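Report on the following structure.
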Protein chains: 4
Amino acid sequence: MTSSGSLRVGMVGYAFMGAAHSHAWRNAHRFFDLPLTPELTALAGRNPEAVQAAADRMGWASVETDWRRLIERDDIDLIDICTPGDTHAEIAIAALNAGKHVLCEKPLANSVAEAELMTAAADAAAARGALAMCGFTYRRTPALALFKQMVAAGEVGTIRQVRAQYLQDWLSDENSPLTWRMDKEKAGSGALGDIGAHIIDASQFVTGQQITGVSAVMETFVKQRPIGGDLVGLGGRGQTGDDVPKGPVTVDDAAIFTARFDGGPIGVFEATRFALGRRNALRLEVNGSAGSIAFDFEDMNTLWFYDGTDPAGRQGFRRILVTEPEHPYVGAWWPAGHGLGYEHGFTHQVVDLVGAIASGTQPTPSFADALGVQRVLGAVEASAGNNSAWQTVTG
Amino acid sequence: MTSSGSLRVGMVGYAFMGAAHSHAWRNAHRFFDLPLTPELTALAGRNPEAVQAAADRMGWASVETDWRRLIERDDIDLIDICTPGDTHAEIAIAALNAGKHVLCEKPLANSVAEAELMTAAADAAAARGALAMCGFTYRRTPALALFKQMVAAGEVGTIRQVRAQYLQDWLSDENSPLTWRMDKEKAGSGALGDIGAHIIDASQFVTGQQITGVSAVMETFVKQRPIGGDLVGLGGRGQTGDDVPKGPVTVDDAAIFTARFDGGPIGVFEATRFALGRRNALRLEVNGSAGSIAFDFEDMNTLWFYDGTDPAGRQGFRRILVTEPEHPYVGAWWPAGHGLGYEHGFTHQVVDLVGAIASGTQPTPSFADALGVQRVLGAVEASAGNNSAWQTVTG
Amino acid sequence: MTSSGSLRVGMVGYAFMGAAHSHAWRNAHRFFDLPLTPELTALAGRNPEAVQAAADRMGWASVETDWRRLIERDDIDLIDICTPGDTHAEIAIAALNAGKHVLCEKPLANSVAEAELMTAAADAAAARGALAMCGFTYRRTPALALFKQMVAAGEVGTIRQVRAQYLQDWLSDENSPLTWRMDKEKAGSGALGDIGAHIIDASQFVTGQQITGVSAVMETFVKQRPIGGDLVGLGGRGQTGDDVPKGPVTVDDAAIFTARFDGGPIGVFEATRFALGRRNALRLEVNGSAGSIAFDFEDMNTLWFYDGTDPAGRQGFRRILVTEPEHPYVGAWWPAGHGLGYEHGFTHQVVDLVGAIASGTQPTPSFADALGVQRVLGAVEASAGNNSAWQTVTG
Amino acid sequence: MTSSGSLRVGMVGYAFMGAAHSHAWRNAHRFFDLPLTPELTALAGRNPEAVQAAADRMGWASVETDWRRLIERDDIDLIDICTPGDTHAEIAIAALNAGKHVLCEKPLANSVAEAELMTAAADAAAARGALAMCGFTYRRTPALALFKQMVAAGEVGTIRQVRAQYLQDWLSDENSPLTWRMDKEKAGSGALGDIGAHIIDASQFVTGQQITGVSAVMETFVKQRPIGGDLVGLGGRGQTGDDVPKGPVTVDDAAIFTARFDGGPIGVFEATRFALGRRNALRLEVNGSAGSIAFDFEDMNTLWFYDGTDPAGRQGFRRILVTEPEHPYVGAWWPAGHGLGYEHGFTHQVVDLVGAIASGTQPTPSFADALGVQRVLGAVEASAGNNSAWQTVTG
């Protein structure tokens with residue numbers, strides 16, 4: 001399906017995620033030995049001038065103003081979907097049905113129903129050699145990848161507890177304007193789907209276990225916001241003042257829930273955009289019978305490891321700088337102690353995806369994995385809507 | 001009721017809490033100007049030799065082998081109750097009815113019903129001039145006292161979120177033996193009442209708000225433990241091996257719950273004795289509309305403050321070493337930067353209690369405050385026993 | 001020399017150090033098994049009313065207005081010297097010659113010559129059974145005591161580098177008034193002798209090595225300060241304004257120096273009262289061939305340990321909460337994770353001193369050890385006065 | 001000199017620094033608006049196969065096996081020198097004389113004499129429109145750039161003290177083999193020139209002051225190392241064992257020195273490759289009369305700021321995540337809290353260099369700035385060779 005030695009990519013959307021993906025497509029083969037060399041073949045967006053400007057800046061060879069045209073092109077092997085969640089299902093299914101590989105940003109969809117359709121399409125496509133992957137990129141942060149390796153190697157023993165937080169604060173200002181991310185139609189949910197999805201995926205990823213049930217509370221602290229923000233993009237400051245027109249926030253500002261995993265642990269989860277002072281604190285801690293591991297994305301090159309087998313009097317959480325050649329992905333970069341940044345996760349995603357495509361194996365997280373996350377999101381919403389009563393996650 | 005210038009104390013129990021209380025009674029007037037000087041008049045315990053040895057060590061002038069005798073003595077003004085929770089109600093009510101002031105360790109009781117009886121007794125006694133206080137000592141850690149002052153002064157604005165954890169790990173080893181703390185009859189509950197009570201109280205204290213409802217999960221990870229531990233004291237290691245007799249753990253190892261406060265915030269709570277590597281991490285964070293504050297008892301002299309009014313580009317959590325003369329209680333101690341320890345909270349408790357008694361004002365936390373905590377504990381257990389359904393805290 | 005089972009103490013001086021020492025004498029036997037029970041027999045000070053008030057507050061049974069009278073008393077076994085450095089030699093030598101044990105605050109003296117006389121007196125007294133010790137109390141902070149144990153046990157291998165800082169900031173405000181601590185006659189030196197002495201002692205203590213030479217720079221940033229501060233006590237704020245009379249600061253505000261130790265390591269030292277924001281950062285780090293250890297008194301219950309024998313990819317500085325029963329001194333106190341404070345070092349000093357006296361063994365640090373520190377202080381001043389040229393520490 | 005709208009680059013050397021520079025040349029215009037677009041025109045190296053492979057991987061359009069040929073080419077505007085220090089002078093002078101712009105890795109040269117020749121060449125070339133810059137890249141780490149801005153804006157007041165450390169540990173293992181970096185002929189010096197140069201430059205950069213004198217100690221802990229390492233590249237593990245041939249280490253393993261700056265502050269510096277556990281701890285702290293700022297590259301997205309004007313009781317070091325749009329360079333990247341990595345400094349270097357070339361202004365650090373660093377390096381060596389006597393830095 002790929003041209004000899006290359007993987008020709010068509011990308012839809014070119015905002016925040018588009019910039020991060022483009023960087024990864026451009027640079028992965030400069031640091032890693034890839035079996036196929038990515039080519040930035042075409043970029044799709046509705047506004048002709050804007051998409052051309054983005055393509056020039058980000059290094060795409062051509063543009064399309066309709067994503068459908070991207071799928072029709074023979075010179076494209078993979079469709080990379082970087083649009084808001086309400087468009088994922090249509091694009092992904094069309095691409096898979098057309099025999100394209102697909103990389104789809106998270107959350108996979110805005111509903112379990114959509115995610116199920118996408119997963120079915122992915123399963124069918126896989127039988128024909130077209131592979132699909134969902135972009136839970138944090139999995140490829142070296143510290144989180146190491147986290148998973150250590151748990152899988154038994155370094156924490158039997159897991160008993162999980163605590164996960166994704167704390168942001170960019171909506172804490174009540175005069176921050178409405179954008180598409182506060183619109184249930186576009187975004188599906190608020191903090192829950194946007195960032196809660198990440199900690200659900202990350203917790204299932206590092207533990208190797210599935211969440212089986214939840215009890216949840218969701219809250220919208222600021223119920224009306226000034227209109228005037230960018231309702232499709234990331235948006236800037238809106239107008240303020242008494243006479244500024246306001247519109248309703250139709251999503252959650254924060255979602256908190258307790259959970260159980262299929263291997264026994266209990267978990268506490270919190271996703272919020274109102275934790276003033278916490279800019280991007282994706283935090284995950286696992287306590288096991290033999291050790292504990294903790295991570296915070298605000299200090300993304302560090303992993304804290306408590307080894308319960310250390311001798312008494314010498315025990316303590318160890319600050320591992322995940323910048324050593326022994327650590328996942330790191331050997332391709334700089335000497336020890338020279339930190340990586342946010343975008344490296346996207347580069348590593350390209351590395352793994354290209355490797356999977358070249359070898360014809362299923363990349364992870366698959367659409368089925370992402371559907372699993374979606375089902376937890378659905379259960380959280382169901383519990384929150386039902387007096388916090390326990391909600392089983394049904395598969 | 002007090003002898004001229006002194007406050008004569010009789011204490012029941014002399015284990016961990018007894019040592020901490022004795023230290024406070026002995027030393028508070030050495031650093032603080034107290035209106036009444038505490039006298040360590042008598043110590044009560046059932047074993048004559050043991051109680052005499054403890055009295056000698058801790059500085060008590062006499063002993064009794066029955067706490068009832070302590071209450072009968074005319075030369076005692078205050079009864080300090082440092083026994084397990086199942087005895088609190090009987091001792092406290094008897095003491096109050098006898099016109100003694102009472103300081104009772106937390107949790108106030110092992111059930112809401114007992115706590116209600118105690119609170120009624122305290123209310124009746126207060127009318128007669130005998131005052132009662134519950135020992136949620138962490139309130140007197142300078143950093144937590146400052147936390148409350150700052151919230152009360154509006155330095156975080158409107159509170160939106162609370163996250164509270166009390167993480168310990170001393171039961172993580174499944175061969176750690178049974179003690180009275182794992183026996184529901186003696187202890188009432190496990191992690192919930194022992195340490196969960198502290199974060200419930202601390203969160204209500206610093207926010208000045210009450211928890212109105214909860215949704216909870218409780219879990220016992222290790223359901224059988226070796227018999228052979230000290231079933232009444234703090235205990236050492238039990239025997240291990242296949243043929244060691246085991247007994248059932250009848251309390252929770254961990255309790256996690258979501259909550260709502262009467263002023264609007266939502267909260268996440270976690271109390272556990274299985275967070276391997278976390279020795280005594282009583283953590284509390286509040287996020288408001290104007291600022292955030294965070295605390296961790298493992299670094300007890302530090303308070304982290306995010307001031308949302310700092311200029312853009314200069315914002316960040318500020319590490320306040322709570323060792324300055326401006327900080328609560330600290331002026332009586334050492335120069336800035338010279339940290340205080342765990343037992344100072346008990347000394348500050350004595351300072352505040354003696355001051356309240358001398359002035360005839362109600363000390364805090366009152367039994368009514370502690371009953372409020374007990375009701376939250378009861379709601380947590382009720383929700384956990386009812387499929388995590390939302391449980392209103394009724395007053 | 002001691003009365004049966006007790007050690008009768010007479011203390012000179014009752015400011016900051018006097019309060020800390022009194023607390024230790026009062027409480028050590030409440031937590032530790034001591035072979036002799038300290039008695040707070042008499043307190044000496046020049047002002048009759050002030051010394052009586054201090055004695056009442058701190059728990060001393062009697063007072064004297066002349067320290068010589070203290071030495072004459074038969075009912076006193078040990079003289080505890082808590083006065084400024086210019087009086088140490090006279091008092092200590094007189095006490096030792098009179099057959100009293102002596103505990104002398106640091107620095108031992110204001111000059112090498114005085115320290116030599118004191119050491120000679122101590123050596124002579126030791127032959128007669130009177131023991132002398134210098135109060136480098138930080139040695140008894142559990143984390144620093146553990147530091148030494150670990151180095152001695154070979155856990156860092158061969159030491160190569162030492163970095164030591166004692167950073168304070170209480171003179172950073174140029175309007176802070178003159179006190180005796182800025183007067184060379186009273187204090188001997190400034191930051192160097194006051195806090196530099198601590199890191200010299202601590203570095204020699206934990207490494208078990210002696211400093212053999214130094215190259216130094218000393219600086220006085222604020223050369224004139226308002227008169228009006230308390231010239232004998234700790235002092236408060238002076239007057240400010242253009243017409244406020246000022247006096248000269250005759251000591252160093254900061255002293256920085258490089259050093260070599262007799263076992264091979266090189267070291268970097270810095271003592272300052274002008275590190276704005278650093279309240280009491282006594283920091284010490286040792287790098288060896290097999291591991292590293294780091295400490296900061298602002299986080300006094302923590303020791304950071306890097307174990308070079310940890311497997312590749314799992315290495316990192318380990319945060320040891322020095323609050324476990326396995327750690328030095330800690331078993332007598334609270335459960336793991338319940339931190340100790342500044343004054344505990346003084347209590348541990350009493351424990352060790354009483355033990356040494358009871359067993360007739362030399363307590364450490366001896367006056368000879370303290371003389372060694374004094375010689376380094378002298379070498380630092382000599383180098384700073386000689387264009388930073390290398391100055392050998394002569395013994 | 002540049003082709004219309006582009007800046008054609010020829011680079012010499014393609015090891016660690018070459019990879020970092022290539023990444024920057026490829027990507028700077030993808031995130032920043034540049035007045036000239038860099039073109040990766042040619043890469044030079046002696047080994048034809050190796051340089052071609054590197055060019056393919058790093059994205060260079062052509063190769064040369066002699067750097068002189070690079071300078072002769074008309075289609076190259078700028079020579080980027082990424083070779084060991086012993087070759088800098090010859091290449092840079094030839095390039096400047098040929099009218100090329102030059103970017104030269106640090107340290108500028110292996111001696112003051114060479115650096116003076118290079119600076120003279122740069123001055124002469126500047127008159128003809130060819131500009132030269134030295135690659136002290138850490139200046140472009142956003143946190144260090146913010147550090148400088150804050151000092152320049154007076155946010156710390158009058159600077160009194162500087163403490164700078166560059167702690168690495170990659171030579172701590174005595175069996176780590178000889179490489180060119182331990183050979184005085186190739187490298188000029190050891191830790192001093194390699195990493196000490198960085199903290200000298202960084203300290204002069206953030207303070208805006210020059211070091212006027214130093215007193216130094218230098219040490220080589222491991223004097224013989226196994227031969228067998230890569231004597232020209234970064235090298236791997238050598239052989240070990242008794243019979244492994246060894247060669248002499250002719251450079252310093254660690255350099256420590258005290259310093260004075262022309263604006264008044266004193267400073268303490270330490271550069272070492274033996275601080276076991278410290279992978280890449282470039283640390284810099286400045287204490288002023290109004291505030292303090294501290295940085296550690298191991299946590300490179302964070303700046304600690306103590307604002308002395310904060311109210312009493314609310315003071316403390318503030319953890320600024322330097323990931324906000326208000327911070328230098330950051331606006332071009334990701335949302336707040338999404339950290340940058342080591343290589344971003346190189347990208348920012350390209351941004352600033354291209355901007356300076358396009359506008360015909362002198363980029364910084366100039367060769368004269370780098371000569372200033374070289375003179376401090378020379379003074380350190382002179383002092384260390386002269387019994388640590390004070391050595392004035394002469395300009």
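Each chain of the structure tokens is named A, B, ... in the order shown, its residues numbered from 1; ligands are numbered from 1 in display order.
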
Enumerate, in order of chain and increasing residue number, the residues of chain D with an atom no farther than 10 Å from chain B, each with its shortest atom pair and distance in Å to one decimal, counting only C-alpha atoms, as JSON lines.
{"residue": "D:Leu146", "atom": "CA", "partner": "B:Gly313", "partner_atom": "CA", "distance": 9.1}
{"residue": "D:Met150", "atom": "CA", "partner": "B:Arg314", "partner_atom": "CA", "distance": 9.6}
{"residue": "D:Thr302", "atom": "CA", "partner": "B:Gly316", "partner_atom": "CA", "distance": 9.6}
{"residue": "D:Leu303", "atom": "CA", "partner": "B:Gly316", "partner_atom": "CA", "distance": 9.3}
{"residue": "D:Trp304", "atom": "CA", "partner": "B:Gly316", "partner_atom": "CA", "distance": 8.7}
{"residue": "D:Phe305", "atom": "CA", "partner": "B:Arg314", "partner_atom": "CA", "distance": 8.1}
{"residue": "D:Tyr306", "atom": "CA", "partner": "B:Arg318", "partner_atom": "CA", "distance": 8.3}
{"residue": "D:Asp307", "atom": "CA", "partner": "B:Arg314", "partner_atom": "CA", "distance": 9.8}
{"residue": "D:Ala312", "atom": "CA", "partner": "B:Glu326", "partner_atom": "CA", "distance": 6.8}
{"residue": "D:Gly313", "atom": "CA", "partner": "B:Glu326", "partner_atom": "CA", "distance": 5.3}
{"residue": "D:Arg314", "atom": "CA", "partner": "B:Ile320", "partner_atom": "CA", "distance": 6.4}
{"residue": "D:Gln315", "atom": "CA", "partner": "B:Ile320", "partner_atom": "CA", "distance": 5.9}
{"residue": "D:Gly316", "atom": "CA", "partner": "B:Ile320", "partner_atom": "CA", "distance": 4.6}
{"residue": "D:Phe317", "atom": "CA", "partner": "B:Arg318", "partner_atom": "CA", "distance": 5.3}
{"residue": "D:Arg318", "atom": "CA", "partner": "B:Arg318", "partner_atom": "CA", "distance": 3.9}
{"residue": "D:Arg319", "atom": "CA", "partner": "B:Gly316", "partner_atom": "CA", "distance": 4.8}
{"residue": "D:Ile320", "atom": "CA", "partner": "B:Gly316", "partner_atom": "CA", "distance": 4.5}
{"residue": "D:Leu321", "atom": "CA", "partner": "B:Gly316", "partner_atom": "CA", "distance": 6.9}
{"residue": "D:Val322", "atom": "CA", "partner": "B:Gly313", "partner_atom": "CA", "distance": 7.7}
{"residue": "D:Thr323", "atom": "CA", "partner": "B:Gly313", "partner_atom": "CA", "distance": 8.8}
{"residue": "D:Glu324", "atom": "CA", "partner": "B:Gly313", "partner_atom": "CA", "distance": 6.5}
{"residue": "D:Pro325", "atom": "CA", "partner": "B:Gly313", "partner_atom": "CA", "distance": 7.9}
{"residue": "D:Glu326", "atom": "CA", "partner": "B:Gly313", "partner_atom": "CA", "distance": 5.3}
{"residue": "D:His327", "atom": "CA", "partner": "B:Gly313", "partner_atom": "CA", "distance": 6.2}
{"residue": "D:Pro328", "atom": "CA", "partner": "B:Gly313", "partner_atom": "CA", "distance": 9.7}

Quick one: DSSP alpha helix (DSSP H) residues in region 56-278 of chain C, as a PyMOL selection string?
-> chain C and resi 56-58+67-72+88-97+112-127+142-152+184-187+191+197-207

Find the spatial neighbours of region 122-133 of chain B, counting only C-alpha atoms, within a cut-off of 8 Å - ignore same-chain residues fewer than 4 positions away - and output them as a VMD selection string.
-> chain B and resid 93 96 to 97 99 to 104 118 353 357 360 362 to 367

Quick one: of A:Glu285, A:Asp252, A:Asp33, A:Glu155, who's nearest to Gly308 (chain A), counting only C-alpha atoms?
->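 For Gly308 (chain A), the nearest of the candidates is A:Glu155.
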
Test item: residues at most 10 Å from Pro107 (chain D), only C-alpha atoms, excluding those fewer than 4 positions along its chain, as a list of chain:residue names = D:Pro84, D:Gly85, D:Asp86, D:His88, D:Ser111, D:Ala115, D:Cys134, D:Gly135, D:Phe136, D:Ala187, D:Gly188, D:Leu192, D:Gly193, D:Asp194, D:Ile195, D:Gly196, D:Ala197, D:His198, D:Asp201, D:Ala370, D:Leu371, D:Val373, D:Gln374, D:Leu377

Per DSSP on the backbone, what are the strand (DSSP E) residues of region 127-209 of chain D, as a PyMOL selection string?
-> chain D and resi 132-135+159-167

Near Tyr329 (chain B), counting only C-alpha atoms, which residues have an atom at most 12 Å away, once you skip same-chain residues fewer than 6 positions from it, shown as a list of chain:residue names?
->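 So the residues in contact are B:Ala28, B:Phe31, B:Phe32, B:Asp33, B:Arg139, B:Arg140, B:Thr141, B:Pro142, B:Ala143, B:Leu144, B:Ala145, B:Leu146, B:Val322, B:Thr323, B:Leu340, B:His344, B:Gly345, B:Phe346, B:Thr347, B:His348, B:Gln349, B:Val350, B:Val351, B:Asp352.
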
Requested write-out: C-alpha atoms of the selected residues, as an mmCIF file, in the first residue's frame:
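part-v4.cif, freshly written:
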data_model
loop_
_atom_site.group_PDB
_atom_site.id
_atom_site.type_symbol
_atom_site.label_atom_id
_atom_site.label_comp_id
_atom_site.auth_asym_id
_atom_site.auth_seq_id
_atom_site.Cartn_x
_atom_site.Cartn_y
_atom_site.Cartn_z
ATOM 1 C CA ALA B 28 3.492 24.386 76.503
ATOM 2 C CA PHE B 31 7.316 28.558 75.306
ATOM 3 C CA PHE B 32 3.917 30.218 75.460
ATOM 4 C CA ASP B 33 2.389 32.584 77.996
ATOM 5 C CA ARG B 139 -5.315 21.861 62.788
ATOM 6 C CA ARG B 140 -2.504 23.224 64.945
ATOM 7 C CA THR B 141 0.270 22.420 62.533
ATOM 8 C CA PRO B 142 1.368 25.973 61.688
ATOM 9 C CA ALA B 143 1.122 25.391 57.950
ATOM 10 C CA LEU B 144 -2.475 24.164 58.196
ATOM 11 C CA ALA B 145 -3.376 26.974 60.567
ATOM 12 C CA LEU B 146 -1.926 29.426 58.070
ATOM 13 C CA VAL B 322 5.965 28.321 57.693
ATOM 14 C CA THR B 323 8.626 29.159 60.235
ATOM 15 C CA LEU B 340 8.991 22.361 63.892
ATOM 16 C CA HIS B 344 4.321 20.809 68.197
ATOM 17 C CA GLY B 345 0.729 20.461 67.083
ATOM 18 C CA PHE B 346 -0.082 18.919 70.438
ATOM 19 C CA THR B 347 1.646 21.728 72.264
ATOM 20 C CA HIS B 348 -0.383 24.259 70.293
ATOM 21 C CA GLN B 349 -3.508 22.311 71.147
ATOM 22 C CA VAL B 350 -2.736 22.702 74.817
ATOM 23 C CA VAL B 351 -2.107 26.407 74.299
ATOM 24 C CA ASP B 352 -5.466 26.942 72.660
#

With a distance cut-off of 9 Å and only C-alpha atoms, select the neighbouring residues of Met218 (chain B), excluding the residue or stretch itself and same-chain residues fewer than 3 positions from it, and output the selection as a list in words.
-> Ile266 of chain A; Leu192, Asp252, Asp253, Ala254, Ala255, Ile256, Phe257, Val380, Glu381, Ala384 and Gly385 of chain B

Restricting the calculation to only C-alpha atoms, which member of D:Ile79, D:Ala164, D:Ala356, D:Val156 is positioned closest to Leu34 (chain D)?
-> D:Ala356
